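Chemist: Could you have a look at this structure, given as structure tokens, before my questions?
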Protein chains: 2
Amino acid sequence: MTSRKAKPATKRPAASPSAVPSAAAAAAPSATSSAAPSGAPSGVPPGELTASVEDYLKAIYGIEQGGGAAATTDIASKLSIAAASVSGMVRRLADQGLVSYERYRGVRLTETGRRAALRTIRRHRVIETYLAQALGYPWDRVHAEAERLEHAVSDELVDRMASAVGEPETDPHGHPIPTREGVIDETQHRTLSDVARGQRSRVTRVSDEDSELLRYLARIGIRPGVVVLLSERAPFDGPLTLQVGKGSCQVGPALASRVMVELLPD
Amino acid sequence: MTSRKAKPATKRPAASPSAVPSAAAAAAPSATSSAAPSGAPSGVPPGELTASVEDYLKAIYGIEQGGGAAATTDIASKLSIAAASVSGMVRRLADQGLVSYERYRGVRLTETGRRAALRTIRRHRVIETYLAQALGYPWDRVHAEAERLEHAVSDELVDRMASAVGEPETDPHGHPIPTREGVIDETQHRTLSDVARGQRSRVTRVSDEDSELLRYLARIGIRPGVVVLLSERAPFDGPLTLQVGKGSCQVGPALASRVMVELLPD
DNA sequence: CTATAATGTTAGGGCGTCCTAAACTTGAAG
DNA sequence: CTTCAAGTTTAGGACGCCCTAACATTATAG
């Protein structure tokens with residue numbers, strides 16, 4: 001439950017007395033796990049989600065962050081599976097009350113689904129951070145390891161790992177770690193591609209899934225916290241010239257779009 | 001994301017565990033089904049075993065340690081599944097060359113199966129040790145956590161954990177940890193039940209699966225390394241009286257049979 | 001050396017997850 | 001408004017792993 005309180009009763013669309021608010025159904029933010037006799041189709045003992053389901057929820061969460069509902073094909077490509085398989089699974093997720101779903105219209109996480117997604121994301125990022133800080137894992141390999149471990153660790157272990165590395169707020173790639181309570185910073189950052197010529201910016205996050213990209217970024221000195229000056233940008237989506245530390249380098253748009261930054265004054 | 005999609009079977013060559021002392025291997029009399037039949041790629045690149053398969057191999061290894069071939073029902077009860085399910089799985093294990101199997105005659109690990117089992121056992125025990133030593137896990141809870149993690153960790157992570165806690169030779173319950181190369185101390189220890197009255201012995205290992213038992217053992221001071229004097233033994237499989245440290249206690253045969261010891265000279 | 005008990009296997013299902021092929025929806029372009 | 005491509009769903013399979021029932025084999029006891 002990240003968005004404090006959120007919508008339940010407070011956010012009704014004003015005076016309109018028309019008591020036919022469409023299928024507001026899925027919203028039903030029935031508190032935690034308990035009964036929820038009315039809306040909930042079939043209960044899922046929390047913590048009983050399969051690895052697959054957790055992967056779907058994570059994927060859907062990620063897609064929703066960049067727009068409205070998650071489309072079948074987007075989910076499919078993010079998970080590297082066939083779109084047809086997604087259709088089937090999505091129905092099951094809906095049956096479990098984790099997503100709301102209208103055929104041909106995409107998927108949205110319910111509050112329950114969102115919480116489950118954030119729990120998995122927390123696990124993933126805590127594990128990544130722990131591996132890097134406590135076990136000296138290189139930052140380009142923590143993702144793959146966390147991808148498997150996130151489905152196997154207990155809440156207790158995650159909490160112990162988090163506290164062992166000082167309750168970190170971001171993972172090694174700069175992504176925010178949800179709290180135990182499911183609160184996460186959802187600020188959208190712009191990427192290096194959005195930075196104007198002459199602008200200085202500070203790297204906040206980098207895409208973490210591509211190991212090779214991460215190794216390259218490390219080599220040219222780009223990691224969260226580093227300040228970058230975009231000194232030149234070739235036209236037609238050409239390469240950008242960057243000043244990083246006391247060196248400089250040129251990067252293509254594919255890389256630039258994977259580096260998130262915040263603009264610095266002046 | 002997890003890349004499923006196992007179409008072009010192009011996985012890593014699965015780093016072979018270096019110096020393996022000769023593979024006496026499956027050259028045994030008429031190995032059931034040695035190689036993959038033509039056509040269907042039924043070969044299993046090592047390291048691609050499912051969690052279930054790893055559990056079976058571990059169970060079979062454990063049963064073989066206490067006698068010859070592993071019986072279907074023993075495997076079933078160790079894994080808490082129906083005997084019929086074991087029959088089916090065992091056939092699949094044989095197809096993969098992990099066990100040799102003769103109907104109605106029980107199962108034996110092949111050399112390949114044995115190595116796989118030991119790798120899983122190494123993972124399990126390294127994880128247990130790491131959790132206890134590096135993260136302060138209580139010894140009665142490491143087993144359950146390791147039981148899930150053992151199927152998810154990479155070899156690299158296991159090695160890093162092992163080296164972080166000083167390449168331990170035993171887990172927190174005293175069980176020997178196989179080396180990377182699959183070498184393990186298979187000495188059979190006697191249990192407290194086998195100790196004669198007046199004998200002193202040193203605890204070497206304790207059964208690790210029962211969390212309650214472990215808590216109780218901790219309470220009465222029994223852990224690997226501790227010296228115990230068996231001062232009294234009631235007849236008819238009755239309780240034993242032990243001197244542990246400067247205290248004394250009485251324990252029943254169920255507990256005594258779960259504590260492994262080595263006898264001390266008088 | 002038979003009965004019967006213990007043990008093991010086959011038959012027939014079910015669930016979860018994935019796949020390909022084929023049909024259907026939707027939305028945008030003509 | 002029709003047409004078509006892109007996106008989505010259904011149909012029909014497959015595989016892994018589990019289950020219960022029923023049947024087969026082996027072991028044991030009289």
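Ordering of the structure tokens sets the chain letters (A, B, ...); residue numbers start at 1 within each chain; ligands are numbered from 1 in the order shown.
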Can you show chain A as a short mmCIF file (atom, residue, chain, number, x, y, z; two decimals) with C-alpha atoms, in the first residue's frame once it has been least-squares superposed onto chain B, using every C-alpha atom paired in order?

Modeler:
```cif
data_model
loop_
_atom_site.label_atom_id
_atom_site.label_comp_id
_atom_site.auth_asym_id
_atom_site.auth_seq_id
_atom_site.Cartn_x
_atom_site.Cartn_y
_atom_site.Cartn_z
CA MET A 1 30.93 -32.14 -9.77
CA THR A 2 32.29 -33.08 -6.45
CA SER A 3 34.29 -36.16 -7.03
CA ARG A 4 37.09 -34.65 -8.92
CA LYS A 5 37.25 -36.10 -12.33
CA ALA A 6 35.61 -39.31 -11.23
CA LYS A 7 34.94 -42.14 -13.47
CA PRO A 8 34.68 -41.15 -17.08
CA ALA A 9 37.49 -42.85 -18.86
CA THR A 10 39.78 -43.85 -16.08
CA LYS A 11 37.78 -46.34 -14.20
CA ARG A 12 37.03 -49.03 -16.71
CA PRO A 13 37.02 -52.51 -15.23
CA ALA A 14 40.35 -53.67 -16.53
CA ALA A 15 41.25 -55.76 -19.50
CA SER A 16 37.98 -57.42 -20.26
CA PRO A 17 37.50 -56.72 -23.97
CA SER A 18 33.90 -57.75 -23.96
CA ALA A 19 32.36 -54.67 -25.45
CA VAL A 20 29.02 -55.18 -23.82
CA PRO A 21 29.22 -53.29 -20.59
CA SER A 22 25.54 -53.52 -19.88
CA ALA A 23 23.61 -50.37 -19.65
CA ALA A 24 26.30 -48.09 -18.45
CA ALA A 25 24.18 -45.49 -20.08
CA ALA A 26 23.06 -43.24 -17.32
CA ALA A 27 26.48 -42.51 -15.99
CA ALA A 28 27.25 -40.25 -18.91
CA PRO A 29 28.83 -37.37 -17.05
CA SER A 30 28.47 -34.96 -19.88
CA ALA A 31 30.15 -31.89 -18.62
CA THR A 32 28.07 -28.93 -17.70
CA SER A 33 24.83 -28.02 -19.30
CA SER A 34 25.80 -27.76 -22.90
CA ALA A 35 24.58 -29.74 -25.80
CA ALA A 36 25.60 -33.26 -24.91
CA PRO A 37 24.23 -34.57 -28.16
CA SER A 38 24.58 -38.26 -27.60
CA GLY A 39 23.17 -39.67 -24.41
CA ALA A 40 21.03 -36.92 -23.01
CA PRO A 41 17.37 -37.66 -23.70
CA SER A 42 15.98 -34.19 -23.46
CA GLY A 43 17.71 -31.08 -22.34
CA VAL A 44 16.68 -29.13 -19.28
CA PRO A 45 17.78 -25.55 -19.12
CA PRO A 46 19.55 -25.65 -15.80
CA GLY A 47 17.92 -23.49 -13.24
CA GLU A 48 14.51 -24.27 -14.59
CA LEU A 49 13.72 -27.00 -12.14
CA THR A 50 10.42 -26.79 -10.31
CA ALA A 51 10.29 -26.70 -6.53
CA SER A 52 8.93 -30.22 -6.58
CA VAL A 53 11.76 -31.54 -8.68
CA GLU A 54 14.28 -29.90 -6.40
CA ASP A 55 12.63 -31.55 -3.42
CA TYR A 56 12.79 -34.93 -5.07
CA LEU A 57 16.43 -34.55 -5.95
CA LYS A 58 17.30 -33.50 -2.42
CA ALA A 59 15.41 -36.45 -1.02
CA ILE A 60 17.05 -38.89 -3.39
CA TYR A 61 20.46 -37.49 -2.61
CA GLY A 62 19.85 -37.93 1.08
CA ILE A 63 18.68 -41.50 0.69
CA GLU A 64 21.58 -42.41 -1.55
CA GLN A 65 23.96 -41.18 1.12
CA GLY A 66 22.84 -44.00 3.34
CA GLY A 67 23.08 -46.83 0.85
CA GLY A 68 22.68 -47.58 -2.81
CA ALA A 69 19.70 -46.66 -4.92
CA ALA A 70 16.76 -44.75 -3.51
CA ALA A 71 13.61 -46.82 -3.15
CA THR A 72 10.25 -45.46 -4.15
CA THR A 73 8.78 -45.80 -0.70
CA ASP A 74 11.71 -44.09 0.94
CA ILE A 75 11.33 -41.13 -1.35
CA ALA A 76 7.61 -41.13 -0.75
CA SER A 77 7.93 -41.14 3.00
CA LYS A 78 10.65 -38.52 3.00
CA LEU A 79 8.43 -36.23 0.96
CA SER A 80 5.20 -37.23 2.68
CA ILE A 81 3.49 -38.17 -0.53
CA ALA A 82 2.02 -41.40 -1.90
CA ALA A 83 4.36 -43.95 -3.42
CA ALA A 84 2.33 -43.96 -6.60
CA SER A 85 3.04 -40.29 -7.09
CA VAL A 86 6.73 -40.98 -6.82
CA SER A 87 6.61 -43.54 -9.60
CA GLY A 88 5.18 -40.97 -11.92
CA MET A 89 7.57 -38.23 -10.99
CA VAL A 90 10.57 -40.49 -11.17
CA ARG A 91 9.78 -41.22 -14.77
CA ARG A 92 9.76 -37.51 -15.48
CA LEU A 93 13.05 -37.03 -13.67
CA ALA A 94 14.53 -39.79 -15.79
CA ASP A 95 13.21 -38.14 -18.94
CA GLN A 96 15.02 -35.00 -17.90
CA GLY A 97 18.21 -36.89 -17.36
CA LEU A 98 18.32 -36.16 -13.65
CA VAL A 99 18.10 -39.74 -12.45
CA SER A 100 18.64 -43.17 -13.87
CA TYR A 101 15.85 -45.52 -13.24
CA GLU A 102 15.01 -49.13 -13.74
CA ARG A 103 11.51 -50.21 -12.90
CA TYR A 104 11.25 -51.91 -9.54
CA ARG A 105 14.93 -51.28 -8.97
CA GLY A 106 15.12 -47.85 -7.44
CA VAL A 107 16.55 -44.56 -8.55
CA ARG A 108 20.01 -43.05 -8.68
CA LEU A 109 20.98 -39.49 -9.40
CA THR A 110 22.90 -38.89 -12.57
CA GLU A 111 25.80 -36.51 -12.40
CA THR A 112 23.47 -33.76 -13.57
CA GLY A 113 20.93 -34.66 -10.94
CA ARG A 114 23.54 -34.80 -8.27
CA ARG A 115 24.75 -31.34 -9.15
CA ALA A 116 21.24 -30.00 -9.05
CA ALA A 117 20.65 -31.63 -5.69
CA LEU A 118 23.81 -30.16 -4.26
CA ARG A 119 22.92 -26.75 -5.54
CA THR A 120 19.63 -26.92 -3.71
CA ILE A 121 21.31 -28.22 -0.59
CA ARG A 122 23.81 -25.40 -0.74
CA ARG A 123 21.01 -22.91 -0.99
CA HIS A 124 19.21 -24.46 1.90
CA ARG A 125 22.19 -24.50 4.20
CA VAL A 126 23.47 -21.10 3.29
CA ILE A 127 20.02 -19.69 3.96
CA GLU A 128 19.84 -21.47 7.31
CA THR A 129 23.20 -20.11 8.31
CA TYR A 130 22.40 -16.63 7.17
CA LEU A 131 19.08 -16.55 8.98
CA ALA A 132 20.71 -17.70 12.18
CA GLN A 133 23.74 -15.48 12.05
CA ALA A 134 22.51 -12.35 10.36
CA LEU A 135 18.93 -12.23 11.48
CA GLY A 136 19.04 -13.93 14.84
CA TYR A 137 16.76 -16.75 13.87
CA PRO A 138 16.61 -19.50 16.47
CA TRP A 139 18.16 -22.71 15.17
CA ASP A 140 14.95 -24.67 15.45
CA ARG A 141 13.14 -22.51 12.96
CA VAL A 142 15.67 -21.93 10.21
CA HIS A 143 14.93 -25.23 8.55
CA ALA A 144 11.30 -24.56 7.81
CA GLU A 145 12.06 -21.12 6.45
CA ALA A 146 14.92 -22.37 4.29
CA GLU A 147 12.74 -25.14 2.97
CA ARG A 148 10.64 -22.58 1.18
CA LEU A 149 13.27 -20.02 0.34
CA GLU A 150 15.64 -22.49 -1.25
CA HIS A 151 13.37 -22.67 -4.27
CA ALA A 152 13.14 -18.94 -4.72
CA VAL A 153 16.58 -17.45 -4.19
CA SER A 154 18.94 -16.66 -7.01
CA ASP A 155 22.51 -17.84 -7.10
CA GLU A 156 23.58 -14.27 -6.62
CA LEU A 157 21.60 -13.91 -3.43
CA VAL A 158 22.96 -17.16 -2.05
CA ASP A 159 26.47 -16.01 -2.75
CA ARG A 160 25.86 -12.67 -1.13
CA MET A 161 24.41 -14.32 1.93
CA ALA A 162 27.29 -16.74 2.14
CA SER A 163 29.84 -14.00 1.95
CA ALA A 164 27.94 -11.87 4.45
CA VAL A 165 28.39 -14.58 7.06
CA GLY A 166 31.95 -15.42 6.11
CA GLU A 167 31.60 -18.31 3.68
CA PRO A 168 30.58 -20.81 6.32
CA GLU A 169 31.46 -24.47 5.89
CA THR A 170 28.57 -25.84 7.90
CA ASP A 171 25.04 -24.82 8.70
CA PRO A 172 23.80 -24.17 12.24
CA HIS A 173 23.15 -27.87 12.75
CA GLY A 174 26.61 -28.86 11.63
CA HIS A 175 25.79 -30.09 8.15
CA PRO A 176 28.43 -29.35 5.54
CA ILE A 177 27.64 -26.72 2.94
CA PRO A 178 28.52 -27.64 -0.63
CA THR A 179 30.72 -25.14 -2.40
CA ARG A 180 29.54 -23.20 -5.40
CA GLU A 181 31.27 -25.88 -7.47
CA GLY A 182 29.34 -28.68 -5.82
CA VAL A 183 32.04 -30.08 -3.62
CA ILE A 184 30.81 -31.43 -0.32
CA ASP A 185 32.22 -33.39 2.54
CA GLU A 186 30.37 -36.68 2.45
CA THR A 187 31.98 -38.24 5.47
CA GLN A 188 29.55 -40.48 7.28
CA HIS A 189 29.53 -39.79 10.97
CA ARG A 190 28.49 -42.18 13.66
CA THR A 191 25.71 -41.30 16.03
CA LEU A 192 25.57 -41.17 19.79
CA SER A 193 23.96 -44.60 19.66
CA ASP A 194 27.19 -46.03 18.32
CA VAL A 195 29.32 -44.66 21.13
CA ALA A 196 30.58 -47.08 23.76
CA ARG A 197 30.29 -46.56 27.49
CA GLY A 198 33.01 -44.36 28.84
CA GLN A 199 33.77 -42.90 25.43
CA ARG A 200 34.11 -39.18 24.89
CA SER A 201 32.95 -37.73 21.61
CA ARG A 202 32.39 -34.38 20.02
CA VAL A 203 29.04 -33.53 18.49
CA THR A 204 29.42 -32.80 14.78
CA ARG A 205 25.89 -32.54 13.52
CA VAL A 206 22.33 -32.88 14.65
CA SER A 207 19.26 -33.76 12.66
CA ASP A 208 17.62 -30.51 11.65
CA GLU A 209 14.09 -31.27 10.62
CA ASP A 210 12.43 -31.64 13.95
CA SER A 211 11.98 -28.30 15.59
CA GLU A 212 11.03 -29.74 18.95
CA LEU A 213 14.07 -31.98 19.03
CA LEU A 214 16.27 -28.98 18.34
CA ARG A 215 14.75 -26.99 21.15
CA TYR A 216 15.30 -29.88 23.49
CA LEU A 217 18.87 -30.36 22.38
CA ALA A 218 19.54 -26.70 22.97
CA ARG A 219 18.11 -27.03 26.43
CA ILE A 220 20.41 -29.87 27.42
CA GLY A 221 23.39 -28.18 25.83
CA ILE A 222 23.91 -30.40 22.81
CA ARG A 223 25.04 -28.60 19.69
CA PRO A 224 27.83 -29.03 17.18
CA GLY A 225 31.25 -28.70 18.78
CA VAL A 226 30.19 -29.73 22.25
CA VAL A 227 32.03 -32.63 23.90
CA VAL A 228 29.95 -35.39 25.41
CA LEU A 229 30.92 -38.25 27.68
CA LEU A 230 28.70 -41.29 27.49
CA SER A 231 28.86 -42.46 31.05
CA GLU A 232 26.16 -45.08 31.15
CA ARG A 233 24.02 -47.05 28.81
CA ALA A 234 21.03 -49.02 29.93
CA PRO A 235 20.58 -52.38 28.26
CA PHE A 236 17.97 -53.27 25.64
CA ASP A 237 18.27 -50.00 23.80
CA GLY A 238 17.53 -48.14 26.98
CA PRO A 239 18.43 -44.56 27.81
CA LEU A 240 21.97 -43.26 27.68
CA THR A 241 23.47 -41.14 30.39
CA LEU A 242 25.54 -38.27 29.12
CA GLN A 243 27.86 -35.75 30.68
CA VAL A 244 27.50 -32.53 28.76
CA GLY A 245 29.58 -29.67 30.01
CA LYS A 246 29.18 -29.78 33.74
CA GLY A 247 25.69 -31.22 33.69
CA SER A 248 24.38 -34.64 32.91
CA CYS A 249 21.27 -36.01 31.34
CA GLN A 250 19.62 -39.11 30.09
CA VAL A 251 18.44 -39.49 26.54
CA GLY A 252 16.53 -42.17 24.70
CA PRO A 253 17.68 -43.96 21.58
CA ALA A 254 15.43 -41.90 19.34
CA LEU A 255 17.35 -38.81 20.30
CA ALA A 256 20.74 -40.50 20.36
CA SER A 257 20.38 -41.68 16.80
CA ARG A 258 19.82 -38.13 15.66
CA VAL A 259 23.03 -36.76 17.08
CA MET A 260 26.15 -37.29 14.98
CA VAL A 261 29.53 -37.35 16.68
CA GLU A 262 33.18 -38.03 16.16
CA LEU A 263 34.99 -40.09 18.72
CA LEU A 264 37.70 -38.45 20.77
CA PRO A 265 40.94 -40.25 21.62
CA ASP A 266 40.79 -42.04 24.96
#
```

Chemist: Please check the contacts: residues of chain D at most 8 Å away from chain A, using only C-alpha atoms (C1' of nucleotides), listed as an MDAnalysis selection string.

Modeler: chainID D and resid 7:9

Chemist: Could you list, as a PyMOL selection string, the residues of chain C having an atom within 9 Å of chain A when counting only C-alpha atoms (C1' of nucleotides)?

Modeler: chain C and resi 17-19+25-26

Chemist: Given the selection you just returned, output its residues as a file containing C-alpha atoms (C1' of nucleotides), formatted as a compact mmCIF listing (two decimals), in the first residue's frame.

Modeler:
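What landed in out_2.txt:
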```txt
# COMPACT_ATOMS: atom_id res chain seq x y z
C1' DT C 17 2.83 -23.23 -17.58
C1' DC C 18 4.33 -23.02 -21.98
C1' DC C 19 3.77 -23.55 -27.41
C1' DT C 25 -11.21 -7.57 -32.31
C1' DT C 26 -9.85 -3.20 -32.69
```

Chemist: What is the distance, in Å and to one decimal place, between C1' of DC18 (chain D) and C1' of DC15 (chain C)?

Modeler: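 Going from C1' of DC18 (chain D) over to C1' of DC15 (chain C) covers 8.9 Å.
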
Chemist: For the helix (DSSP H, G or I) assignment from backbone DSSP, which residues of region 38-202 of chain A qualify? Please present them as an NGL selection string.

Modeler: :A and (51-65 or 72-79 or 83-95 or 111-135 or 142-149 or 155-164 or 192-194)

Chemist: Restrict the selected residues to C-alpha atoms and save them as a tab-separated table (two decimals), in the first residue's frame.

Modeler:
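As written to disk, again-v2.tsv reads:
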```
chain	number	residue	atom	x	y	z
A	51	ALA	CA	7.65	-17.87	-9.40
A	52	SER	CA	5.85	-17.41	-12.67
A	53	VAL	CA	3.10	-15.34	-11.14
A	54	GLU	CA	5.65	-13.16	-9.40
A	55	ASP	CA	7.40	-12.61	-12.70
A	56	TYR	CA	4.18	-11.61	-14.38
A	57	LEU	CA	3.30	-9.17	-11.64
A	58	LYS	CA	6.73	-7.59	-11.78
A	59	ALA	CA	6.48	-7.25	-15.53
A	60	ILE	CA	3.03	-5.76	-15.39
A	61	TYR	CA	4.11	-3.32	-12.72
A	62	GLY	CA	7.01	-2.20	-14.84
A	63	ILE	CA	4.87	-1.70	-17.90
A	64	GLU	CA	2.22	0.19	-15.99
A	65	GLN	CA	4.89	2.59	-14.78
A	72	THR	CA	-0.50	-8.60	-23.72
A	73	THR	CA	2.34	-8.32	-26.17
A	74	ASP	CA	4.35	-6.08	-23.90
A	75	ILE	CA	4.08	-8.59	-21.11
A	76	ALA	CA	4.95	-11.37	-23.51
A	77	SER	CA	8.04	-9.67	-24.80
A	78	LYS	CA	9.19	-8.64	-21.35
A	79	LEU	CA	8.94	-12.23	-20.21
A	83	ALA	CA	1.51	-13.75	-26.35
A	84	ALA	CA	-0.96	-16.61	-26.29
A	85	SER	CA	0.55	-17.86	-23.07
A	86	VAL	CA	0.04	-14.47	-21.52
A	87	SER	CA	-3.66	-14.49	-22.32
A	88	GLY	CA	-4.07	-17.69	-20.40
A	89	MET	CA	-2.04	-16.62	-17.43
A	90	VAL	CA	-3.70	-13.26	-17.23
A	91	ARG	CA	-7.03	-14.95	-16.79
A	92	ARG	CA	-5.61	-16.89	-13.88
A	93	LEU	CA	-4.16	-13.76	-12.35
A	94	ALA	CA	-7.57	-12.14	-12.61
A	95	ASP	CA	-9.18	-15.15	-10.96
A	111	GLU	CA	-4.06	-3.20	-5.06
A	112	THR	CA	-3.33	-6.76	-4.00
A	113	GLY	CA	-1.37	-7.40	-7.15
A	114	ARG	CA	0.54	-4.20	-6.78
A	115	ARG	CA	1.55	-5.11	-3.26
A	116	ALA	CA	2.70	-8.51	-4.38
A	117	ALA	CA	4.68	-6.96	-7.22
A	118	LEU	CA	6.36	-4.53	-4.90
A	119	ARG	CA	7.23	-7.26	-2.48
A	120	THR	CA	8.99	-9.14	-5.24
A	121	ILE	CA	10.72	-6.00	-6.41
A	122	ARG	CA	11.88	-5.30	-2.89
A	123	ARG	CA	13.30	-8.77	-2.65
A	124	HIS	CA	15.04	-8.42	-5.93
A	125	ARG	CA	16.65	-5.12	-5.14
A	126	VAL	CA	17.61	-5.95	-1.60
A	127	ILE	CA	19.26	-9.11	-2.87
A	128	GLU	CA	21.12	-7.17	-5.56
A	129	THR	CA	22.36	-4.68	-3.03
A	130	TYR	CA	23.37	-7.32	-0.57
A	131	LEU	CA	25.25	-9.35	-3.16
A	132	ALA	CA	27.14	-6.29	-4.29
A	133	GLN	CA	27.94	-4.88	-0.90
A	134	ALA	CA	28.34	-7.92	1.29
A	135	LEU	CA	29.69	-10.44	-1.15
A	142	VAL	CA	23.70	-9.23	-9.46
A	143	HIS	CA	20.61	-8.99	-11.58
A	144	ALA	CA	20.70	-12.51	-12.93
A	145	GLU	CA	21.34	-13.95	-9.50
A	146	ALA	CA	18.59	-11.90	-7.88
A	147	GLU	CA	16.20	-12.93	-10.60
A	148	ARG	CA	16.29	-16.47	-9.29
A	149	LEU	CA	16.72	-15.81	-5.60
A	155	ASP	CA	10.79	-12.17	4.25
A	156	GLU	CA	13.01	-12.71	7.22
A	157	LEU	CA	16.06	-13.25	5.07
A	158	VAL	CA	15.32	-10.18	3.00
A	159	ASP	CA	15.02	-8.11	6.13
A	160	ARG	CA	18.24	-9.48	7.52
A	161	MET	CA	20.05	-8.74	4.30
A	162	ALA	CA	18.63	-5.25	4.17
A	163	SER	CA	19.70	-4.49	7.68
A	164	ALA	CA	23.14	-6.02	7.11
A	192	LEU	CA	20.33	11.05	-21.18
A	193	SER	CA	18.52	11.22	-24.51
A	194	ASP	CA	16.32	13.96	-23.12
```

Chemist: Find the distance between C1' of DA22 (chain D) and C1' of DG14 (chain C) and write it in Å to one decimal.

Modeler: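 Straight-line distance from C1' of DA22 (chain D) to C1' of DG14 (chain C) works out to 18.4 Å.
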
Chemist: Among region 27-253 of chain B, which ones does DSSP assign to strand (DSSP E) (computed from the backbone)? Answer as number ranges by chain.

Modeler: B: 99-101, 107-109, 190-191, 200-206, 227-233, 240-244, 247-251

Chemist: Export, as a short mmCIF file (atom, residue, chain, number, x, y, z; two decimals), in the first residue's frame, the selected residues with C-alpha atoms.

Modeler:
```cif
data_model
loop_
_atom_site.label_atom_id
_atom_site.label_comp_id
_atom_site.auth_asym_id
_atom_site.auth_seq_id
_atom_site.Cartn_x
_atom_site.Cartn_y
_atom_site.Cartn_z
CA VAL B 99 19.94 -43.20 -11.48
CA SER B 100 19.98 -46.81 -12.43
CA TYR B 101 16.77 -48.57 -11.87
CA VAL B 107 17.16 -47.12 -7.24
CA ARG B 108 20.85 -46.27 -7.16
CA LEU B 109 22.51 -43.05 -8.15
CA ARG B 190 27.09 -43.84 15.82
CA THR B 191 24.30 -42.18 17.71
CA ARG B 200 32.08 -40.36 27.17
CA SER B 201 31.52 -39.17 23.64
CA ARG B 202 31.76 -36.03 21.61
CA VAL B 203 28.77 -34.83 19.62
CA THR B 204 29.63 -34.69 15.93
CA ARG B 205 26.32 -33.97 14.24
CA VAL B 206 22.67 -33.56 14.97
CA VAL B 227 31.34 -33.72 25.19
CA VAL B 228 28.66 -35.87 26.76
CA LEU B 229 28.87 -38.50 29.44
CA LEU B 230 26.17 -41.12 29.34
CA SER B 231 25.77 -41.81 33.04
CA GLU B 232 22.64 -43.89 33.09
CA ARG B 233 20.43 -45.79 30.76
CA LEU B 240 19.21 -41.88 28.98
CA THR B 241 20.80 -39.71 31.60
CA LEU B 242 23.50 -37.43 30.24
CA GLN B 243 26.08 -35.16 31.77
CA VAL B 244 26.47 -32.21 29.46
CA GLY B 247 24.48 -29.96 33.93
CA SER B 248 22.65 -33.17 33.43
CA CYS B 249 19.49 -34.17 31.67
CA GLN B 250 17.43 -37.10 30.58
CA VAL B 251 16.54 -37.74 27.02
#
```

Chemist: Might you pull out every residue within 10 Å of DA11 (chain C), with only C-alpha atoms (C1' of nucleotides) counted and same-chain residues fewer than 2 positions away left off, and present them as a ChimeraX atom specification?

Modeler: /C:9,13 /D:21-23

Chemist: For the residues selected in the previous step, produce a file with N, CA and C atoms (P, O5', C5', C4', C3', O3' and C1' of nucleotides) as a PDB file, in the first residue's frame.

Modeler:
```pdb
ATOM      1  P    DT C   9       8.697 -49.655  -8.694  1.00  0.00           P
ATOM      2  O5'  DT C   9       7.355 -49.921  -9.506  1.00  0.00           O
ATOM      3  C5'  DT C   9       7.200 -51.180 -10.174  1.00  0.00           C
ATOM      4  C4'  DT C   9       5.943 -51.159 -11.022  1.00  0.00           C
ATOM      5  C3'  DT C   9       5.866 -49.986 -11.983  1.00  0.00           C
ATOM      6  O3'  DT C   9       5.597 -50.494 -13.291  1.00  0.00           O
ATOM      7  C1'  DT C   9       3.870 -50.158 -10.685  1.00  0.00           C
ATOM      8  P    DG C  13      -9.486 -40.863 -17.472  1.00  0.00           P
ATOM      9  O5'  DG C  13      -9.299 -39.532 -16.652  1.00  0.00           O
ATOM     10  C5'  DG C  13      -8.131 -39.368 -15.860  1.00  0.00           C
ATOM     11  C4'  DG C  13      -8.450 -38.532 -14.656  1.00  0.00           C
ATOM     12  C3'  DG C  13      -8.569 -37.052 -15.033  1.00  0.00           C
ATOM     13  O3'  DG C  13      -9.427 -36.351 -14.168  1.00  0.00           O
ATOM     14  C1'  DG C  13      -6.564 -37.464 -13.802  1.00  0.00           C
TER      15       DG C  13
ATOM     16  P    DA D  21      -9.041 -43.148  -3.631  1.00  0.00           P
ATOM     17  O5'  DA D  21      -9.436 -44.127  -4.832  1.00  0.00           O
ATOM     18  C5'  DA D  21      -8.688 -44.028  -6.020  1.00  0.00           C
ATOM     19  C4'  DA D  21      -9.109 -45.073  -6.998  1.00  0.00           C
ATOM     20  C3'  DA D  21      -9.425 -46.449  -6.414  1.00  0.00           C
ATOM     21  O3'  DA D  21     -10.227 -47.155  -7.353  1.00  0.00           O
ATOM     22  C1'  DA D  21      -7.311 -46.510  -7.471  1.00  0.00           C
ATOM     23  P    DA D  22     -10.665 -48.705  -7.082  1.00  0.00           P
ATOM     24  O5'  DA D  22      -9.616 -49.501  -7.971  1.00  0.00           O
ATOM     25  C5'  DA D  22      -9.579 -49.222  -9.370  1.00  0.00           C
ATOM     26  C4'  DA D  22      -8.478 -50.045 -10.010  1.00  0.00           C
ATOM     27  C3'  DA D  22      -8.515 -51.535  -9.633  1.00  0.00           C
ATOM     28  O3'  DA D  22      -8.189 -52.273 -10.793  1.00  0.00           O
ATOM     29  C1'  DA D  22      -6.419 -50.638  -9.107  1.00  0.00           C
ATOM     30  P    DC D  23      -8.366 -53.892 -10.744  1.00  0.00           P
ATOM     31  O5'  DC D  23      -6.885 -54.349 -11.121  1.00  0.00           O
ATOM     32  C5'  DC D  23      -6.234 -53.743 -12.240  1.00  0.00           C
ATOM     33  C4'  DC D  23      -4.749 -53.971 -12.103  1.00  0.00           C
ATOM     34  C3'  DC D  23      -4.376 -55.444 -11.902  1.00  0.00           C
ATOM     35  O3'  DC D  23      -3.364 -55.764 -12.838  1.00  0.00           O
ATOM     36  C1'  DC D  23      -3.304 -54.094 -10.313  1.00  0.00           C
TER      37       DC D  23
END
```
